[in-house]
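What's in query38.txt: compact mmCIF, C-alpha atoms
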```
# COMPACT_ATOMS: atom_id res chain seq x y z
CA MET A 1 -18.62 -19.16 10.81
CA ILE A 2 -18.85 -17.84 14.35
CA ALA A 3 -15.53 -19.46 15.15
CA LEU A 4 -13.97 -17.76 12.15
CA ALA A 5 -15.36 -14.39 13.20
CA LEU A 6 -14.16 -14.84 16.75
CA SER A 7 -10.71 -15.81 15.58
CA GLY A 8 -10.39 -12.39 13.96
CA CYS A 9 -9.93 -13.68 10.43
CA ALA A 10 -9.78 -10.78 8.02
CA ILE A 11 -11.13 -10.98 4.51
CA PRO A 12 -8.07 -11.23 2.29
CA GLY A 13 -7.54 -8.22 0.05
CA LYS A 14 -7.61 -8.33 -3.69
CA ALA A 15 -4.37 -9.38 -5.37
CA LEU A 16 -2.95 -7.55 -8.36
CA ARG A 17 -1.21 -9.51 -11.11
CA SER A 18 2.54 -9.23 -11.62
CA GLY A 19 3.34 -8.85 -15.30
CA ILE A 20 -0.20 -7.67 -16.11
CA ASP A 21 -1.03 -4.90 -13.64
CA PHE A 22 2.57 -4.00 -12.87
CA GLY A 23 6.05 -5.17 -13.68
CA GLU A 24 9.66 -4.30 -14.29
CA ASP A 25 11.37 -3.26 -17.49
CA GLY A 26 15.04 -3.39 -16.58
CA PRO A 27 15.59 -0.84 -13.80
CA ARG A 28 12.17 0.74 -14.31
CA VAL A 29 8.87 -0.19 -12.71
CA TRP A 30 5.83 0.09 -14.99
CA VAL A 31 2.16 0.11 -14.08
CA ALA A 32 -0.80 -0.69 -16.31
CA GLY A 33 -3.72 1.65 -16.91
CA PRO A 34 -6.46 2.46 -16.70
CA TRP A 35 -7.12 0.64 -13.41
CA GLU A 36 -10.65 -0.73 -13.62
CA ALA A 37 -11.26 0.06 -9.93
CA ILE A 38 -11.14 3.81 -10.62
CA VAL A 39 -13.66 5.71 -12.76
CA PRO A 40 -11.87 8.21 -15.02
CA ALA A 41 -12.89 11.87 -14.71
CA THR A 42 -12.21 15.24 -16.24
CA ASP A 43 -11.34 16.63 -12.80
CA VAL A 44 -8.20 15.02 -11.36
CA ASP A 45 -9.53 15.40 -7.82
CA ASP A 46 -12.50 13.19 -8.64
CA VAL A 47 -9.96 10.50 -9.45
CA VAL A 48 -7.88 11.21 -6.32
CA ASP A 49 -10.97 10.79 -4.14
CA GLN A 50 -11.40 7.21 -5.35
CA LEU A 51 -7.82 6.07 -4.77
CA CYS A 52 -7.61 5.33 -1.07
CA PRO A 53 -10.64 3.02 -0.72
CA ALA A 54 -9.58 1.12 -3.83
CA VAL A 55 -5.97 0.65 -2.68
CA MET A 56 -6.97 -0.25 0.87
CA ALA A 57 -9.03 -3.12 -0.55
CA LEU A 58 -5.82 -4.71 -1.88
CA GLU A 59 -3.96 -7.50 -0.12
CA HIS A 60 -1.75 -6.47 2.81
CA ALA A 61 -2.53 -2.77 2.27
CA ARG A 62 -3.68 -2.23 5.86
CA GLU A 63 -1.43 -4.60 7.79
CA HIS A 64 0.85 -2.15 9.56
CA ASP A 65 4.37 -3.57 9.99
CA ASP A 66 3.41 -6.67 8.00
CA GLY A 67 1.74 -4.61 5.31
CA TRP A 68 2.75 -3.48 1.85
CA GLU A 69 3.03 -0.06 0.30
CA TYR A 70 1.49 0.44 -3.12
CA CYS A 71 2.78 2.96 -5.68
CA GLY A 72 0.86 4.07 -8.78
CA LEU A 73 0.48 6.93 -11.24
CA LEU A 74 -2.21 9.43 -12.28
CA TYR A 75 -2.16 10.45 -15.91
CA THR A 76 -4.16 12.24 -18.59
CA GLY A 77 -5.16 11.12 -22.05
CA GLY A 78 -7.79 12.51 -24.41
CA GLY A 79 -8.99 15.10 -21.91
CA MET A 80 -9.64 12.61 -19.12
CA THR A 81 -7.64 11.75 -16.00
CA TYR A 82 -6.95 8.10 -15.22
CA ALA A 83 -5.32 6.14 -12.44
CA SER A 84 -2.98 3.27 -13.15
CA ALA A 85 -3.04 0.10 -11.16
CA PRO A 86 -0.65 0.38 -8.22
CA SER A 87 2.48 -1.71 -7.80
CA PRO A 88 3.66 -3.38 -4.58
CA LEU A 89 7.14 -3.92 -5.99
CA SER A 90 9.62 -3.08 -3.31
CA ARG A 91 13.22 -3.98 -2.58
CA ASP A 92 12.99 -7.45 -4.07
CA LYS A 93 9.59 -8.53 -2.90
CA PRO A 94 7.19 -7.11 -0.34
CA GLY A 95 7.35 -8.55 3.14
CA PRO A 96 7.34 -7.74 6.84
CA SER A 97 9.73 -4.92 7.56
CA GLY A 98 9.91 -1.52 9.17
CA ILE A 99 11.27 -0.35 5.84
CA LYS A 100 8.20 0.24 3.69
CA SER A 101 9.32 1.13 0.25
CA CYS A 102 7.38 0.60 -2.92
CA ARG A 103 9.32 1.76 -5.96
CA ILE A 104 7.99 4.78 -7.81
CA PRO A 105 6.74 3.75 -11.25
CA ALA A 106 8.68 5.29 -14.11
CA MET A 107 6.02 4.70 -16.78
CA VAL A 108 2.42 3.76 -17.40
CA ARG A 109 1.38 1.20 -19.99
CA ASP A 110 -1.95 2.20 -21.51
CA PRO A 111 -2.43 0.99 -25.09
CA GLN A 112 -5.58 3.13 -25.53
CA HIS A 113 -4.28 6.56 -24.57
CA ASP A 114 -1.29 8.81 -25.11
CA ALA A 115 -0.56 8.92 -21.38
CA GLN A 116 0.90 12.09 -19.85
CA VAL A 117 1.83 11.42 -16.23
CA LEU A 118 0.56 14.02 -13.74
CA SER A 119 1.47 12.57 -10.39
CA ASP A 120 2.48 9.51 -8.45
CA TYR A 121 0.44 8.15 -5.57
CA HIS A 122 1.23 5.73 -2.77
CA SER A 123 -0.25 4.23 0.36
CA HIS A 124 1.08 3.70 3.86
CA PRO A 125 -0.06 0.49 5.62
CA TRP A 126 -0.60 2.27 8.96
CA PRO A 127 -3.26 4.66 10.30
CA ASP A 128 -2.37 8.30 10.96
CA SER A 129 0.72 8.13 8.81
CA PRO A 130 1.14 11.48 7.05
CA LEU A 131 3.62 12.52 4.41
CA SER A 132 7.06 11.57 5.72
CA ALA A 133 10.43 13.24 5.31
CA ASN A 134 11.37 10.42 2.96
CA ASP A 135 8.20 11.07 0.94
CA ALA A 136 9.03 14.75 0.68
CA ALA A 137 12.82 14.55 0.20
CA LEU A 138 14.05 15.74 -3.19
CA ARG A 139 15.86 12.44 -3.81
CA SER A 140 12.56 10.57 -4.11
CA GLN A 141 10.74 13.02 -6.40
CA ARG A 142 10.09 11.51 -9.81
CA TRP A 143 6.97 13.45 -10.86
CA SER A 144 5.79 17.00 -10.16
CA ILE A 145 3.00 16.12 -7.71
CA ARG A 146 2.73 13.36 -5.08
CA ILE A 147 -0.46 11.98 -3.54
CA GLN A 148 -0.21 9.88 -0.35
CA PHE A 149 -2.75 8.32 1.99
CA ASP A 150 -2.94 6.08 5.07
CA THR A 151 -5.29 3.35 6.23
CA ARG A 152 -7.74 5.91 7.61
CA CYS A 153 -7.81 7.53 4.15
CA HIS A 154 -6.26 10.79 5.22
CA VAL A 155 -5.12 12.01 1.81
CA TYR A 156 -2.17 14.37 1.33
CA LYS A 157 -0.76 16.19 -1.67
CA LEU A 158 2.83 17.34 -2.06
CA VAL A 159 3.90 19.93 -4.62
CA PRO A 160 7.69 19.74 -4.25
CA HIS A 161 8.61 22.46 -6.79
CA VAL A 162 11.78 20.58 -7.73
CA GLY A 163 14.46 22.92 -9.09
CA GLU A 164 12.45 26.03 -8.26
CA PRO A 165 13.52 28.54 -5.57
CA VAL A 166 10.15 28.40 -3.81
CA PRO A 167 9.01 26.31 -0.84
CA GLY A 168 7.37 22.94 -1.29
CA GLU A 169 3.68 22.81 -0.43
CA VAL A 170 1.73 20.17 1.51
CA TYR A 171 -2.06 19.91 1.45
CA GLU A 172 -4.60 17.63 3.11
CA ARG A 173 -7.84 16.66 1.41
CA VAL A 174 -10.75 17.96 3.47
CA GLY A 175 -14.12 17.30 1.91
CA LYS A 176 -13.84 18.47 -1.67
CA THR A 177 -11.00 20.96 -1.06
CA TRP A 178 -7.25 20.86 -0.52
CA ARG A 179 -6.39 22.53 2.79
CA PRO A 180 -2.81 23.90 2.95
CA THR A 181 -1.18 22.29 5.99
CA SER A 182 2.57 22.78 5.80
CA ILE A 183 5.44 24.07 3.73
CA ILE A 184 8.94 22.79 3.09
CA ARG A 185 11.45 25.62 3.14
CA VAL A 186 13.80 25.80 0.18
CA GLU A 187 16.79 24.90 2.38
CA ASP A 188 14.88 21.94 3.83
CA LYS A 189 13.78 20.47 0.51
CA PRO A 190 16.74 18.05 0.12
CA ALA A 191 15.88 16.33 3.42
CA GLY A 192 12.12 16.81 3.05
CA LEU A 193 11.70 18.56 6.39
CA VAL A 194 8.03 19.36 6.53
CA GLN A 195 7.41 22.37 8.76
CA PRO A 196 4.91 22.14 11.64
CA PRO A 197 1.29 22.59 10.61
CA LEU A 198 0.33 26.08 9.51
CA SER A 199 -1.83 27.98 11.97
CA ASP A 200 -5.44 28.68 11.11
CA GLY A 201 -4.65 32.40 10.98
CA ARG A 202 -2.35 32.01 7.97
CA MET B 1 42.37 -36.14 16.74
CA MET B 2 38.71 -36.44 15.90
CA ARG B 3 37.90 -34.30 18.89
CA ARG B 4 40.29 -31.58 17.62
CA LEU B 5 38.80 -31.64 14.12
CA LEU B 6 35.36 -31.20 15.58
CA ALA B 7 36.49 -28.51 17.96
CA LEU B 8 37.90 -26.18 15.30
CA PRO B 9 34.68 -25.73 13.30
CA LEU B 10 32.80 -25.38 16.57
CA LEU B 11 35.20 -22.64 17.62
CA LEU B 12 34.71 -20.89 14.27
CA ILE B 13 30.95 -21.16 14.57
CA VAL B 14 31.04 -19.73 18.08
CA ALA B 15 33.38 -16.94 16.99
CA GLY B 16 31.22 -16.20 13.97
CA GLY B 17 28.11 -16.14 16.10
CA CYS B 18 29.74 -13.72 18.50
CA GLN B 19 30.72 -11.48 15.60
CA ALA B 20 27.14 -11.49 14.35
CA LEU B 21 25.87 -10.70 17.82
CA LEU B 22 28.41 -7.97 18.26
CA GLY B 23 27.56 -6.54 14.87
CA THR B 24 29.56 -3.44 14.06
CA PHE B 25 31.21 -3.26 17.47
CA GLN B 26 34.96 -3.77 17.24
CA ARG B 27 37.53 -3.42 19.94
CA ARG B 28 40.72 -1.49 19.22
CA PRO B 29 43.34 -3.97 17.98
CA ALA B 30 46.58 -4.60 19.81
CA ARG B 31 49.17 -1.87 19.18
CA GLU B 32 51.33 -4.12 17.00
CA GLN B 33 48.34 -4.66 14.69
CA LEU B 34 47.65 -0.96 14.12
CA VAL B 35 48.46 0.77 10.81
CA PRO B 36 51.18 3.48 10.96
CA ILE B 37 49.13 6.68 11.00
CA PRO B 38 50.55 10.17 11.71
CA PHE B 39 49.52 11.75 15.01
CA PRO B 40 48.71 14.55 15.51
CA PHE B 41 46.69 14.58 12.33
CA PRO B 42 47.74 16.44 9.16
CA PRO B 43 45.95 19.64 7.98
CA ALA B 44 42.22 19.02 7.86
CA HIS B 45 40.39 18.69 4.56
CA ARG B 46 37.07 18.81 6.36
CA ARG B 47 36.15 19.15 9.99
CA VAL B 48 32.90 18.05 11.56
CA GLU B 49 31.93 18.48 15.19
CA VAL B 50 29.23 16.08 16.32
CA ASN B 51 27.16 17.02 19.36
CA GLY B 52 27.31 14.14 21.84
CA VAL B 53 23.59 14.21 22.58
CA TRP B 54 22.81 14.11 18.89
CA LEU B 55 25.29 11.28 18.38
CA ARG B 56 23.64 9.15 21.07
CA ALA B 57 20.21 9.90 19.62
CA ILE B 58 21.43 8.88 16.16
CA ASN B 59 22.87 5.65 17.58
CA LEU B 60 19.59 4.87 19.33
CA ALA B 61 17.63 5.45 16.12
CA MET B 62 20.03 3.53 13.89
CA ASP B 63 20.19 0.59 16.31
CA ASP B 64 16.43 0.25 15.83
CA PHE B 65 16.41 0.99 12.11
CA LEU B 66 19.29 -1.34 11.28
CA PRO B 67 20.08 -3.48 14.33
CA PRO B 68 23.66 -4.77 14.50
CA GLY B 69 23.80 -8.19 12.91
CA LYS B 70 20.56 -7.71 10.94
CA GLU B 71 20.59 -10.38 8.29
CA ALA B 72 19.82 -9.55 4.66
CA LYS B 73 18.00 -12.28 2.75
CA THR B 74 18.13 -10.66 -0.68
CA PRO B 75 20.80 -8.72 -2.63
CA ALA B 76 18.63 -5.59 -2.47
CA ASP B 77 18.32 -5.86 1.30
CA ALA B 78 22.07 -6.40 1.57
CA CYS B 79 22.48 -2.86 0.23
CA LEU B 80 19.62 -1.37 2.24
CA PHE B 81 20.97 -2.86 5.47
CA VAL B 82 24.26 -0.95 5.20
CA ARG B 83 24.29 2.06 7.52
CA GLU B 84 26.62 4.19 5.44
CA ASN B 85 24.06 4.16 2.62
CA TYR B 86 21.93 6.49 4.72
CA ASP B 87 22.23 10.16 5.62
CA VAL B 88 20.89 11.40 8.93
CA VAL B 89 19.33 14.75 9.78
CA VAL B 90 18.77 15.73 13.41
CA VAL B 91 16.12 18.30 14.24
CA GLU B 92 15.87 19.98 17.64
CA PRO B 93 12.40 21.52 17.99
CA ASP B 94 12.14 25.23 18.80
CA ASP B 95 9.80 25.01 21.76
CA GLY B 96 8.63 21.61 22.82
CA PRO B 97 7.54 18.81 20.57
CA ALA B 98 5.79 19.12 17.28
CA ALA B 99 4.93 15.48 17.65
CA GLU B 100 1.78 15.43 15.57
CA GLY B 101 1.70 12.34 13.41
CA LEU B 102 4.78 10.74 14.92
CA ASP B 103 2.96 7.78 16.38
CA ALA B 104 2.21 6.44 12.94
CA GLY B 105 3.78 3.06 13.45
CA THR B 106 2.44 2.45 16.89
CA GLY B 107 -1.30 2.53 16.26
CA GLU B 108 -2.97 -0.74 17.14
CA SER B 109 -6.32 0.05 15.66
CA ASP B 110 -7.81 1.98 12.80
CA ALA B 111 -10.73 3.02 14.99
CA GLY B 112 -11.11 6.31 16.84
CA ASP B 113 -8.87 9.35 17.02
CA PRO B 114 -5.12 9.06 17.60
CA PRO B 115 -3.92 9.90 21.11
CA SER B 116 -2.69 13.42 21.68
CA PRO B 117 1.11 13.65 21.94
CA ALA B 118 2.39 14.04 25.49
CA PRO B 119 4.64 17.09 25.91
CA LEU B 120 8.35 16.34 26.25
CA LYS B 121 11.09 18.83 27.01
CA HIS B 122 14.04 16.77 25.87
CA LEU B 123 13.20 15.70 22.38
CA LEU B 124 15.14 15.24 19.18
CA TYR B 125 13.92 14.08 15.80
CA VAL B 126 16.29 11.81 13.91
CA ILE B 127 15.50 11.48 10.21
CA VAL B 128 17.10 8.59 8.34
CA LEU B 129 17.24 9.07 4.56
CA LEU B 130 18.51 6.62 1.98
CA ARG B 131 21.20 8.27 -0.13
CA ALA B 132 20.07 9.02 -3.66
CA ASP B 133 23.18 7.40 -5.12
CA ALA B 134 22.89 4.20 -3.07
CA CYS B 135 21.52 0.80 -3.96
CA GLN B 136 21.07 1.24 -7.73
CA GLN B 137 17.52 2.54 -7.61
CA GLY B 138 17.53 3.59 -11.27
CA ASP B 139 14.44 5.30 -12.68
CA SER B 140 12.18 3.85 -10.01
CA PRO B 141 13.58 5.04 -6.68
CA LEU B 142 12.29 3.63 -3.43
CA MET B 143 9.55 5.75 -1.92
CA ASP B 144 10.04 5.38 1.83
CA ALA B 145 13.40 3.77 2.43
CA GLY B 146 14.02 5.51 5.73
CA ALA B 147 12.32 6.56 8.91
CA THR B 148 11.84 9.42 11.34
CA TYR B 149 12.37 8.83 15.05
CA ALA B 150 11.46 10.97 18.04
CA ILE B 151 14.00 10.42 20.82
CA ASP B 152 13.54 11.39 24.46
CA THR B 153 17.07 12.50 25.35
CA GLU B 154 16.39 12.49 29.07
CA GLN B 155 15.09 8.93 29.39
CA TRP B 156 17.02 7.84 26.27
CA ARG B 157 14.20 6.01 24.61
CA ILE B 158 12.33 6.10 21.33
CA VAL B 159 9.01 7.85 21.92
CA GLY B 160 7.77 8.17 18.34
CA TRP B 161 8.33 6.70 14.94
CA SER B 162 7.14 7.41 11.43
CA LEU B 163 8.14 6.55 7.90
```
Reformat the file's structure so that it appears as structure tokens.
Amino acid sequence: MIALALSGCAIPGKALRSGIDFGEDGPRVWVAGPWEAIVPATDVDDVVDQLCPAVMALEHAREHDDGWEYCGLLYTGGGMTYASAPSPLSRDKPGPSGIKSCRIPAMVRDPQHDAQVLSDYHSHPWPDSPLSANDAALRSQRWSIRIQFDTRCHVYKLVPHVGEPVPGEVYERVGKTWRPTSIIRVEDKPAGLVQPPLSDGR
Amino acid sequence: MMRRLLALPLLLIVAGGCQALLGTFQRRPAREQLVPIPFPFPPAHRRVEVNGVWLRAINLAMDDFLPPGKEAKTPADACLFVRENYDVVVVEPDDGPAAEGLDAGTGESDAGDPPSPAPLKHLLYVIVLLRADACQQGDSPLMDAGATYAIDTEQWRIVGWSL
């Protein structure tokens, strides 16, 4: 046991099941819901606050360059907000690469609820890895809100305002509030150029 | 004869290996192998002027992002490893670096606070974005198929990296 501890062996993360928790339907990635690791809530933020610890407990979620990204969905049904299981589906299969790229799910499979998707969410397998230009770029927006977090569980929210002549908005979760941190000017929305952090005097 | 038969494949292997090592680098062919092209050029349809400093910064970033000769092991990677499937945006900061968060890929530990960014005067950000129409992404586009680099244009080195 001591030898194992000294050798730095990490406890392997939990594995999700391809074809049950996530899968592909032609060109579309689907994810199953509700995910049993997340307690549904009436307030979407109560669901958001559970996401990062649950995802970081999954296999390879914290392994930096050797790690995997996970992509999932938040959705409502019957007055409650649910999280789907996340999917590690990437280019063909996850693996070591500087290109971290889970595919954004196009649909949730929940036989119990009439699911209305609110948002996607995804993880980065590194610490201190905020919303990237690729996360914020218009080309990668599939849903109207995006939640992202890193291995330290810094949680960010993007409201891209796709097709609207107003700036995109970026928030960071601080305690039980969303603190506005940055904007994306209308002309910068295609490339997802997140402006430097807003000053405290905003 | 046997020696010649063995030598030819060996030559091809060596040549192929060199090509892989050289990657996208190609020397200008001999004049007799060039295609007849009018010079000076005809009226321009589009004209783009590329700043030399930016160009070198882009090359430095792309050589890391997609190294010449990088081998794709899957059909999807074969598309993602093609440079022309990416657009590049270069950002020159107003006044010094806004480097917060750019050391995302370099952290060795999840413990403690990240180091404060050191100020740099000669800094460019190079943002690599997968084109929306590339690689048949369908209804489930790739989330982070790109990267952002911070390039020190005095020392010509990568000083920061993020998704």
- Item | Residue hits in chain B, query chain A, radius 6 Å, only C-alpha atoms, as an MDAnalysis selection string | chainID B and resid 76 104 110 132 138:145 163
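The space separating atom CA of A:Arg173 from atom CA of A:Arg185 comes to 21.3 Å.
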- Select, from B:Ile158, B:Cys135, B:Leu124, B:Ala150, the residue with the minimum atom-to-atom distance to B:Glu84, counting all atoms listed in the file. B:Cys135
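For the atom pair formed by atom CA of A:Val108 and atom CA of A:Glu164, the distance is 26.1 Å, given to one decimal.
The environment of A:Asp21 within 7 Å, counting only C-alpha atoms and disregarding residues fewer than 3 places along the same chain, consists of Leu16, Arg17, Ser18, Val31, Ala32 and Ala85 of chain A.
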Selection from above, C-alpha atoms, as a short mmCIF file (atom, residue, chain, number, x, y, z; two decimals), in the coordinates of the input, can you write it?
```
data_model
loop_
_atom_site.label_atom_id
_atom_site.label_comp_id
_atom_site.auth_asym_id
_atom_site.auth_seq_id
_atom_site.Cartn_x
_atom_site.Cartn_y
_atom_site.Cartn_z
CA LEU A 16 -2.95 -7.55 -8.36
CA ARG A 17 -1.21 -9.51 -11.11
CA SER A 18 2.54 -9.23 -11.62
CA VAL A 31 2.16 0.11 -14.08
CA ALA A 32 -0.80 -0.69 -16.31
CA ALA A 85 -3.04 0.10 -11.16
#
```
- Note on the structure: Students should find that atom CA of A:His113 and atom CA of A:Pro40 are spaced 12.3 Å
- Enumerate, as a VMD selection string, the protein, DNA and RNA residues whose atoms approach (-7.2, 5.4, -14.9) to within 7 Å, taking into account only C-alpha atoms and the coordinate frame of the file. chain A and resid 33 to 35 38 to 40 74 81 to 84
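The shortest atom-to-atom distance to A:Asp49, with all atoms listed in the file taken into account, belongs to A:Gly175 out of A:Pro180, A:Pro190, A:Gly175, A:Gly23.
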- Query: Which neighbours of B:Ala61 fall inside 12 Å, counting only C-alpha atoms, when residues of the same chain fewer than 5 positions from it are skipped, and could you give them as a ChimeraX atom specification?
  - Reply: /B:54-56,66-68,83,88-90,124-128,146-153,156-162
